[in-house]
>>> print(open('coords15.cif').read())   # mmCIF, N, CA and C atoms
data_final
loop_
_atom_site.label_atom_id
_atom_site.label_comp_id
_atom_site.auth_asym_id
_atom_site.auth_seq_id
_atom_site.Cartn_x
_atom_site.Cartn_y
_atom_site.Cartn_z
N MET A 1401 59.37 -11.43 -93.97
CA MET A 1401 60.12 -11.54 -92.74
C MET A 1401 59.27 -11.17 -91.52
N TYR A 1402 58.58 -10.04 -91.58
CA TYR A 1402 57.72 -9.61 -90.48
C TYR A 1402 56.25 -9.78 -90.84
N SER A 1403 55.43 -10.10 -89.85
CA SER A 1403 53.99 -10.23 -90.08
C SER A 1403 53.37 -8.85 -90.29
N GLU A 1404 52.15 -8.85 -90.80
CA GLU A 1404 51.42 -7.60 -90.99
C GLU A 1404 51.21 -6.89 -89.66
N LYS A 1405 50.96 -7.66 -88.59
CA LYS A 1405 50.74 -7.04 -87.28
C LYS A 1405 52.01 -6.37 -86.76
N VAL A 1406 53.15 -7.00 -86.96
CA VAL A 1406 54.42 -6.38 -86.54
C VAL A 1406 54.60 -5.07 -87.30
N MET A 1407 54.39 -5.12 -88.60
CA MET A 1407 54.57 -3.91 -89.42
C MET A 1407 53.58 -2.82 -89.02
N ASP A 1408 52.35 -3.20 -88.69
CA ASP A 1408 51.36 -2.21 -88.26
C ASP A 1408 51.76 -1.56 -86.94
N HIS A 1409 52.21 -2.36 -85.97
CA HIS A 1409 52.60 -1.80 -84.67
C HIS A 1409 53.90 -1.01 -84.76
N PHE A 1410 54.74 -1.32 -85.76
CA PHE A 1410 55.94 -0.52 -85.98
C PHE A 1410 55.58 0.82 -86.64
N ALA A 1411 54.76 0.77 -87.68
CA ALA A 1411 54.41 1.98 -88.42
C ALA A 1411 53.42 2.86 -87.66
N ASN A 1412 52.57 2.23 -86.84
CA ASN A 1412 51.53 2.96 -86.10
C ASN A 1412 51.54 2.52 -84.64
N PRO A 1413 52.63 2.78 -83.93
CA PRO A 1413 52.71 2.28 -82.55
C PRO A 1413 51.65 2.92 -81.66
N ARG A 1414 51.11 2.10 -80.78
CA ARG A 1414 50.11 2.56 -79.81
C ARG A 1414 50.82 2.92 -78.51
N ASN A 1415 50.26 3.88 -77.80
CA ASN A 1415 50.69 4.22 -76.44
C ASN A 1415 52.12 4.76 -76.36
N VAL A 1416 52.55 5.49 -77.36
CA VAL A 1416 53.90 6.09 -77.34
C VAL A 1416 53.89 7.33 -76.46
N GLY A 1417 54.97 7.49 -75.70
CA GLY A 1417 55.12 8.69 -74.88
C GLY A 1417 55.42 8.34 -73.44
N GLU A 1418 55.23 9.30 -72.58
CA GLU A 1418 55.42 9.05 -71.16
C GLU A 1418 54.25 9.61 -70.38
N ILE A 1419 54.07 9.10 -69.19
CA ILE A 1419 52.98 9.56 -68.31
C ILE A 1419 53.62 10.42 -67.23
N GLU A 1420 53.26 11.67 -67.21
CA GLU A 1420 53.74 12.58 -66.17
C GLU A 1420 53.20 12.11 -64.82
N GLY A 1421 54.11 11.91 -63.88
CA GLY A 1421 53.69 11.46 -62.55
C GLY A 1421 53.31 10.00 -62.49
N ALA A 1422 53.80 9.19 -63.41
CA ALA A 1422 53.49 7.76 -63.41
C ALA A 1422 53.89 7.14 -62.08
N ASN A 1423 53.06 6.23 -61.56
CA ASN A 1423 53.40 5.58 -60.30
C ASN A 1423 54.08 4.23 -60.50
N ALA A 1424 54.40 3.92 -61.76
CA ALA A 1424 55.15 2.70 -62.09
C ALA A 1424 55.99 2.98 -63.33
N VAL A 1425 57.30 2.81 -63.19
CA VAL A 1425 58.20 3.05 -64.31
C VAL A 1425 59.22 1.93 -64.34
N GLY A 1426 59.43 1.35 -65.51
CA GLY A 1426 60.43 0.30 -65.67
C GLY A 1426 61.24 0.54 -66.92
N GLU A 1427 62.54 0.36 -66.81
CA GLU A 1427 63.42 0.53 -67.96
C GLU A 1427 64.36 -0.66 -68.04
N VAL A 1428 64.47 -1.23 -69.24
CA VAL A 1428 65.37 -2.36 -69.49
C VAL A 1428 66.09 -2.12 -70.80
N GLY A 1429 67.21 -2.82 -70.95
CA GLY A 1429 67.96 -2.69 -72.18
C GLY A 1429 68.71 -3.98 -72.48
N ASN A 1430 69.12 -4.10 -73.72
CA ASN A 1430 69.91 -5.24 -74.16
C ASN A 1430 71.22 -4.71 -74.73
N ALA A 1431 72.30 -4.97 -74.02
CA ALA A 1431 73.61 -4.44 -74.41
C ALA A 1431 74.06 -4.96 -75.77
N LYS A 1432 73.65 -6.17 -76.14
CA LYS A 1432 74.10 -6.75 -77.40
C LYS A 1432 73.55 -6.01 -78.61
N CYS A 1433 72.28 -5.62 -78.55
CA CYS A 1433 71.67 -4.97 -79.72
C CYS A 1433 71.46 -3.48 -79.53
N GLY A 1434 71.53 -3.01 -78.29
CA GLY A 1434 71.38 -1.58 -78.02
C GLY A 1434 69.95 -1.12 -77.79
N ASP A 1435 68.97 -2.04 -77.83
CA ASP A 1435 67.58 -1.66 -77.59
C ASP A 1435 67.38 -1.24 -76.14
N ILE A 1436 66.59 -0.18 -75.94
CA ILE A 1436 66.22 0.28 -74.60
C ILE A 1436 64.72 0.54 -74.60
N MET A 1437 64.03 -0.02 -73.60
CA MET A 1437 62.58 0.19 -73.46
C MET A 1437 62.30 0.79 -72.09
N LYS A 1438 61.43 1.78 -72.10
CA LYS A 1438 60.99 2.38 -70.84
C LYS A 1438 59.46 2.38 -70.85
N ILE A 1439 58.88 1.80 -69.81
CA ILE A 1439 57.43 1.69 -69.68
C ILE A 1439 56.97 2.58 -68.52
N TYR A 1440 55.91 3.33 -68.76
CA TYR A 1440 55.28 4.18 -67.74
C TYR A 1440 53.87 3.67 -67.53
N MET A 1441 53.47 3.53 -66.26
CA MET A 1441 52.11 3.08 -65.96
C MET A 1441 51.45 3.98 -64.93
N ASP A 1442 50.16 4.14 -65.10
CA ASP A 1442 49.32 4.78 -64.09
C ASP A 1442 48.41 3.66 -63.57
N ILE A 1443 48.68 3.23 -62.35
CA ILE A 1443 47.92 2.14 -61.75
C ILE A 1443 47.03 2.71 -60.66
N GLU A 1444 45.74 2.42 -60.75
CA GLU A 1444 44.76 2.86 -59.75
C GLU A 1444 43.91 1.67 -59.36
N ASP A 1445 43.72 1.49 -58.06
CA ASP A 1445 42.90 0.39 -57.55
C ASP A 1445 43.32 -0.95 -58.14
N ASN A 1446 44.65 -1.14 -58.26
CA ASN A 1446 45.23 -2.39 -58.75
C ASN A 1446 44.98 -2.66 -60.24
N ILE A 1447 44.56 -1.63 -60.98
CA ILE A 1447 44.28 -1.74 -62.41
C ILE A 1447 45.22 -0.82 -63.19
N VAL A 1448 45.77 -1.32 -64.29
CA VAL A 1448 46.61 -0.50 -65.16
C VAL A 1448 45.67 0.41 -65.97
N LYS A 1449 45.49 1.63 -65.48
CA LYS A 1449 44.57 2.58 -66.12
C LYS A 1449 45.15 3.15 -67.41
N ASP A 1450 46.47 3.40 -67.40
CA ASP A 1450 47.13 3.93 -68.59
C ASP A 1450 48.55 3.38 -68.63
N VAL A 1451 49.07 3.22 -69.82
CA VAL A 1451 50.43 2.72 -70.00
C VAL A 1451 50.99 3.32 -71.29
N LYS A 1452 52.22 3.77 -71.22
CA LYS A 1452 52.89 4.34 -72.38
C LYS A 1452 54.33 3.83 -72.41
N PHE A 1453 54.97 3.98 -73.56
CA PHE A 1453 56.35 3.52 -73.67
C PHE A 1453 57.17 4.47 -74.52
N LYS A 1454 58.47 4.42 -74.26
CA LYS A 1454 59.47 5.04 -75.11
C LYS A 1454 60.50 3.95 -75.38
N THR A 1455 60.75 3.69 -76.65
CA THR A 1455 61.70 2.65 -77.03
C THR A 1455 62.70 3.19 -78.02
N PHE A 1456 63.96 2.92 -77.74
CA PHE A 1456 65.04 3.21 -78.67
C PHE A 1456 65.48 1.86 -79.20
N GLY A 1457 65.20 1.60 -80.47
CA GLY A 1457 65.57 0.30 -81.01
C GLY A 1457 65.00 0.07 -82.38
N CYS A 1458 65.08 -1.17 -82.80
CA CYS A 1458 64.64 -1.57 -84.13
C CYS A 1458 63.11 -1.63 -84.22
N GLY A 1459 62.62 -1.91 -85.42
CA GLY A 1459 61.18 -2.00 -85.64
C GLY A 1459 60.51 -3.05 -84.78
N ALA A 1460 61.18 -4.19 -84.58
CA ALA A 1460 60.60 -5.24 -83.74
C ALA A 1460 60.51 -4.80 -82.28
N ALA A 1461 61.48 -4.03 -81.83
CA ALA A 1461 61.45 -3.52 -80.45
C ALA A 1461 60.28 -2.57 -80.27
N ILE A 1462 60.06 -1.72 -81.24
CA ILE A 1462 58.93 -0.78 -81.17
C ILE A 1462 57.60 -1.54 -81.24
N ALA A 1463 57.50 -2.50 -82.14
CA ALA A 1463 56.26 -3.28 -82.29
C ALA A 1463 55.95 -4.07 -81.02
N THR A 1464 56.95 -4.69 -80.40
CA THR A 1464 56.69 -5.48 -79.20
C THR A 1464 56.33 -4.58 -78.03
N SER A 1465 56.93 -3.40 -77.95
CA SER A 1465 56.57 -2.44 -76.90
C SER A 1465 55.11 -2.01 -77.06
N SER A 1466 54.74 -1.70 -78.30
CA SER A 1466 53.38 -1.28 -78.60
C SER A 1466 52.37 -2.37 -78.24
N MET A 1467 52.64 -3.59 -78.69
CA MET A 1467 51.72 -4.69 -78.42
C MET A 1467 51.63 -4.99 -76.93
N ALA A 1468 52.77 -5.01 -76.24
CA ALA A 1468 52.76 -5.30 -74.80
C ALA A 1468 51.92 -4.28 -74.04
N THR A 1469 52.05 -3.01 -74.40
CA THR A 1469 51.25 -2.00 -73.69
C THR A 1469 49.76 -2.18 -73.96
N GLU A 1470 49.43 -2.55 -75.19
CA GLU A 1470 48.02 -2.82 -75.51
C GLU A 1470 47.50 -4.00 -74.69
N MET A 1471 48.34 -4.99 -74.49
CA MET A 1471 47.92 -6.21 -73.80
C MET A 1471 47.72 -6.03 -72.30
N VAL A 1472 48.39 -5.05 -71.69
CA VAL A 1472 48.25 -4.87 -70.24
C VAL A 1472 47.31 -3.75 -69.84
N LYS A 1473 46.97 -2.89 -70.76
CA LYS A 1473 46.07 -1.77 -70.44
C LYS A 1473 44.71 -2.32 -70.00
N GLY A 1474 44.25 -1.85 -68.84
CA GLY A 1474 42.96 -2.28 -68.30
C GLY A 1474 43.03 -3.56 -67.48
N LYS A 1475 44.18 -4.17 -67.40
CA LYS A 1475 44.35 -5.42 -66.65
C LYS A 1475 44.71 -5.12 -65.20
N THR A 1476 44.53 -6.12 -64.35
CA THR A 1476 44.99 -5.99 -62.97
C THR A 1476 46.52 -6.08 -62.98
N VAL A 1477 47.12 -5.67 -61.87
CA VAL A 1477 48.57 -5.75 -61.74
C VAL A 1477 49.04 -7.19 -61.92
N ASP A 1478 48.35 -8.14 -61.30
CA ASP A 1478 48.75 -9.54 -61.42
C ASP A 1478 48.58 -10.07 -62.84
N GLU A 1479 47.52 -9.66 -63.52
CA GLU A 1479 47.34 -10.07 -64.92
C GLU A 1479 48.46 -9.50 -65.80
N ALA A 1480 48.81 -8.25 -65.56
CA ALA A 1480 49.89 -7.63 -66.33
C ALA A 1480 51.22 -8.31 -66.03
N LEU A 1481 51.42 -8.68 -64.78
CA LEU A 1481 52.65 -9.36 -64.39
C LEU A 1481 52.77 -10.74 -65.04
N ALA A 1482 51.65 -11.32 -65.43
CA ALA A 1482 51.65 -12.64 -66.06
C ALA A 1482 51.97 -12.57 -67.56
N LEU A 1483 52.12 -11.37 -68.11
CA LEU A 1483 52.44 -11.24 -69.53
C LEU A 1483 53.78 -11.92 -69.83
N THR A 1484 53.81 -12.69 -70.90
CA THR A 1484 55.04 -13.37 -71.30
C THR A 1484 55.46 -12.90 -72.69
N ASN A 1485 56.73 -13.10 -72.98
CA ASN A 1485 57.20 -12.76 -74.32
C ASN A 1485 56.50 -13.63 -75.37
N LYS A 1486 56.18 -14.86 -75.02
CA LYS A 1486 55.48 -15.75 -75.97
C LYS A 1486 54.10 -15.20 -76.32
N ALA A 1487 53.41 -14.64 -75.32
CA ALA A 1487 52.09 -14.05 -75.58
C ALA A 1487 52.21 -12.84 -76.51
N VAL A 1488 53.24 -12.04 -76.30
CA VAL A 1488 53.47 -10.88 -77.17
C VAL A 1488 53.77 -11.34 -78.59
N MET A 1489 54.62 -12.35 -78.73
CA MET A 1489 54.94 -12.88 -80.07
C MET A 1489 53.70 -13.45 -80.75
N THR A 1490 52.90 -14.18 -80.00
CA THR A 1490 51.67 -14.75 -80.56
C THR A 1490 50.73 -13.65 -81.03
N ALA A 1491 50.57 -12.62 -80.22
CA ALA A 1491 49.68 -11.51 -80.58
C ALA A 1491 50.17 -10.78 -81.84
N LEU A 1492 51.47 -10.81 -82.07
CA LEU A 1492 52.04 -10.18 -83.27
C LEU A 1492 52.16 -11.15 -84.44
N ASP A 1493 51.62 -12.34 -84.30
CA ASP A 1493 51.72 -13.38 -85.33
C ASP A 1493 53.17 -13.78 -85.60
N GLY A 1494 53.97 -13.76 -84.55
CA GLY A 1494 55.34 -14.26 -84.63
C GLY A 1494 56.39 -13.20 -84.89
N LEU A 1495 57.63 -13.60 -84.59
CA LEU A 1495 58.81 -12.77 -84.84
C LEU A 1495 59.90 -13.68 -85.41
N PRO A 1496 60.78 -13.15 -86.22
CA PRO A 1496 61.92 -13.95 -86.68
C PRO A 1496 62.77 -14.35 -85.47
N PRO A 1497 63.43 -15.49 -85.52
CA PRO A 1497 64.23 -15.96 -84.37
C PRO A 1497 65.22 -14.93 -83.85
N GLU A 1498 65.83 -14.17 -84.74
CA GLU A 1498 66.82 -13.19 -84.31
C GLU A 1498 66.20 -11.96 -83.64
N LYS A 1499 64.87 -11.88 -83.59
CA LYS A 1499 64.18 -10.75 -82.97
C LYS A 1499 63.39 -11.15 -81.73
N ILE A 1500 63.50 -12.40 -81.31
CA ILE A 1500 62.80 -12.86 -80.12
C ILE A 1500 63.20 -12.04 -78.90
N HIS A 1501 64.46 -11.62 -78.85
CA HIS A 1501 64.92 -10.83 -77.70
C HIS A 1501 64.11 -9.55 -77.52
N CYS A 1502 63.50 -9.04 -78.58
CA CYS A 1502 62.67 -7.84 -78.47
C CYS A 1502 61.42 -8.12 -77.64
N SER A 1503 60.81 -9.28 -77.85
CA SER A 1503 59.63 -9.64 -77.05
C SER A 1503 60.03 -9.89 -75.60
N VAL A 1504 61.23 -10.41 -75.40
CA VAL A 1504 61.73 -10.63 -74.04
C VAL A 1504 61.90 -9.28 -73.33
N LEU A 1505 62.44 -8.30 -74.04
CA LEU A 1505 62.59 -6.97 -73.45
C LEU A 1505 61.24 -6.36 -73.10
N ALA A 1506 60.24 -6.55 -73.96
CA ALA A 1506 58.90 -6.02 -73.67
C ALA A 1506 58.34 -6.63 -72.39
N GLU A 1507 58.49 -7.95 -72.25
CA GLU A 1507 58.05 -8.63 -71.03
C GLU A 1507 58.80 -8.07 -69.82
N GLU A 1508 60.11 -7.95 -69.95
CA GLU A 1508 60.93 -7.47 -68.83
C GLU A 1508 60.58 -6.04 -68.45
N ALA A 1509 60.29 -5.19 -69.44
CA ALA A 1509 59.95 -3.79 -69.16
C ALA A 1509 58.63 -3.69 -68.40
N ILE A 1510 57.65 -4.49 -68.81
CA ILE A 1510 56.37 -4.51 -68.08
C ILE A 1510 56.61 -4.99 -66.65
N HIS A 1511 57.36 -6.05 -66.49
CA HIS A 1511 57.65 -6.59 -65.15
C HIS A 1511 58.43 -5.60 -64.31
N ALA A 1512 59.37 -4.87 -64.92
CA ALA A 1512 60.15 -3.88 -64.18
C ALA A 1512 59.26 -2.75 -63.68
N ALA A 1513 58.32 -2.32 -64.50
CA ALA A 1513 57.40 -1.25 -64.07
C ALA A 1513 56.52 -1.72 -62.92
N ILE A 1514 56.03 -2.94 -63.00
CA ILE A 1514 55.18 -3.47 -61.93
C ILE A 1514 56.00 -3.67 -60.65
N SER A 1515 57.23 -4.11 -60.79
CA SER A 1515 58.10 -4.24 -59.61
C SER A 1515 58.32 -2.89 -58.96
N ASP A 1516 58.51 -1.86 -59.78
CA ASP A 1516 58.66 -0.50 -59.26
C ASP A 1516 57.41 -0.09 -58.48
N TYR A 1517 56.25 -0.37 -59.05
CA TYR A 1517 54.98 -0.04 -58.38
C TYR A 1517 54.86 -0.77 -57.05
N LYS A 1518 55.15 -2.06 -57.06
CA LYS A 1518 55.03 -2.86 -55.83
C LYS A 1518 55.99 -2.35 -54.75
N ARG A 1519 57.21 -1.98 -55.14
CA ARG A 1519 58.16 -1.42 -54.17
C ARG A 1519 57.60 -0.14 -53.57
N LYS A 1520 57.03 0.70 -54.42
CA LYS A 1520 56.45 1.97 -53.95
C LYS A 1520 55.27 1.74 -53.01
N MET A 1521 54.58 0.62 -53.18
CA MET A 1521 53.44 0.28 -52.34
C MET A 1521 53.88 -0.47 -51.07
N GLY A 1522 55.19 -0.65 -50.92
CA GLY A 1522 55.72 -1.30 -49.73
C GLY A 1522 55.77 -2.81 -49.79
N GLU A 1523 55.53 -3.38 -50.97
CA GLU A 1523 55.59 -4.83 -51.10
C GLU A 1523 57.03 -5.26 -51.37
N GLU A 1524 57.39 -6.41 -50.86
CA GLU A 1524 58.71 -6.95 -51.13
C GLU A 1524 58.71 -7.57 -52.53
N VAL A 1525 59.72 -7.22 -53.31
CA VAL A 1525 59.84 -7.74 -54.66
C VAL A 1525 61.06 -8.65 -54.70
N PRO A 1526 60.85 -9.94 -54.95
CA PRO A 1526 61.99 -10.87 -54.96
C PRO A 1526 62.95 -10.59 -56.10
N ALA A 1527 64.22 -10.91 -55.91
CA ALA A 1527 65.21 -10.79 -56.97
C ALA A 1527 64.87 -11.78 -58.07
N THR A 1528 65.24 -11.46 -59.29
CA THR A 1528 64.85 -12.30 -60.42
C THR A 1528 65.81 -13.44 -60.68
N GLY A 1529 67.04 -13.34 -60.24
CA GLY A 1529 67.98 -14.43 -60.49
C GLY A 1529 68.33 -14.58 -61.95
N CYS A 1530 68.67 -13.50 -62.60
CA CYS A 1530 68.96 -13.50 -64.03
C CYS A 1530 70.09 -14.46 -64.38
N THR A 1531 69.88 -15.18 -65.47
CA THR A 1531 70.91 -16.10 -65.96
C THR A 1531 71.85 -15.42 -66.94
N GLY A 1532 71.60 -14.19 -67.27
CA GLY A 1532 72.48 -13.44 -68.15
C GLY A 1532 72.10 -13.42 -69.60
N CYS A 1533 70.99 -14.08 -69.97
CA CYS A 1533 70.64 -14.11 -71.39
C CYS A 1533 70.08 -12.78 -71.86
N CYS A 1534 69.48 -12.06 -70.96
CA CYS A 1534 68.85 -10.80 -71.36
C CYS A 1534 69.26 -9.72 -70.37
N SER A 1535 68.29 -9.22 -69.62
CA SER A 1535 68.64 -8.18 -68.66
C SER A 1535 67.72 -8.19 -67.45
N GLY A 1536 67.63 -9.32 -66.77
CA GLY A 1536 66.91 -9.28 -65.52
C GLY A 1536 65.83 -10.31 -65.31
N CYS A 1537 65.79 -11.35 -66.10
CA CYS A 1537 64.76 -12.36 -65.87
C CYS A 1537 65.42 -13.64 -65.36
N ALA A 1538 64.61 -14.60 -65.01
CA ALA A 1538 65.13 -15.84 -64.46
C ALA A 1538 65.14 -16.98 -65.47
N LYS A 1539 64.94 -16.68 -66.73
CA LYS A 1539 64.86 -17.71 -67.76
C LYS A 1539 66.14 -17.74 -68.59
N SER A 1540 66.44 -18.90 -69.12
CA SER A 1540 67.57 -19.01 -70.03
C SER A 1540 67.16 -18.55 -71.41
N ALA A 1541 68.12 -18.31 -72.27
CA ALA A 1541 67.80 -17.86 -73.64
C ALA A 1541 66.92 -18.87 -74.34
N ASP A 1542 67.15 -20.17 -74.14
CA ASP A 1542 66.35 -21.20 -74.79
C ASP A 1542 64.90 -21.19 -74.33
N GLU A 1543 64.66 -20.81 -73.07
CA GLU A 1543 63.29 -20.76 -72.57
C GLU A 1543 62.48 -19.64 -73.20
N HIS A 1544 63.14 -18.65 -73.79
CA HIS A 1544 62.44 -17.53 -74.41
C HIS A 1544 61.99 -17.83 -75.83
N LYS A 1545 62.44 -18.90 -76.38
CA LYS A 1545 62.10 -19.20 -77.78
C LYS A 1545 60.78 -19.92 -77.91
#
>>> encode(input="coords15.cif", output="structure tokens")
Amino acid sequence: MYSEKVMDHFANPRNVGEIEGANAVGEVGNAKCGDIMKIYMDIEDNIVKDVKFKTFGCGAAIATSSMATEMVKGKTVDEALALTNKAVMTALDGLPPEKIHCSVLAEEAIHAAISDYKRKMGEEVPATGCTGCCSGCAKSADEHK
């Protein structure tokens, strides 16, 4: 059911915890399954210097949080903002269809943290125009598959 990479990131998650004094924090949740992800970032000179997460949820939620944090660490803010749930799923060698929402939450949590950072830096952050499939993005449920 799950790939070896998903199982590895679930059993040995990377970047677990929180960053004291983080200058970027994003929290998202999915009311249907109860998963909650919180991402903490330390951004310096437009680079994600450190990133950690706390996730309450299933193994896939933990694995996608772990992989997403690995994928954005060391990246520019814009590169991190370009992270998609599809990229997270690909990096994990796939997810079962019923767990795709976990990768969507990971994407949304990263985006929420970056939006928080941009607001703190005085940048205007546009509304996402959520369609209701998840918790704050502008894509339909079908677009996430």
>>> closest_residue(input="coords15.cif", among="A:Val1477, A:Gly1417, A:Ala1463, A:Cys1502", to="Ile1443 in chain A", atoms="only C-alpha atoms")
A:Val1477
>>> axis_aligned_box(input="coords15.cif", around="range 1444-1457 of chain A", padding_each_side="3 Å", output="lines of an AutoDock Vina configuration file")
center_x = 54.2
center_y = 1.2
center_z = -70.0
size_x = 28.7
size_y = 13.7
size_z = 30.8
>>> closest_residue(input="coords15.cif", among="A:Val1488, A:Leu1481, A:Val1416, A:Val1425", to="Ala1468 in chain A", atoms="only C-alpha atoms")
A:Val1488
>>> closest_residue(input="coords15.cif", among="A:Asp1493, A:Glu1523, A:Glu1498, A:Asp1442", to="Gly1474 in chain A", atoms="only C-alpha atoms")
A:Asp1442
>>> resolve_selection(input="coords15.cif", expression="the PyMOL selection byres ((chain A and resi 1508) around 7)", output="PyMOL selection string")
chain A and resi 1426-1428+1485+1503-1507+1509-1513+1535-1537
>>> closest_residue(input="coords15.cif", among="A:Ala1431, A:Ala1480, A:Ala1487, A:Ala1422", to="Met1467 in chain A", atoms="all atoms listed in the file")
A:Ala1487
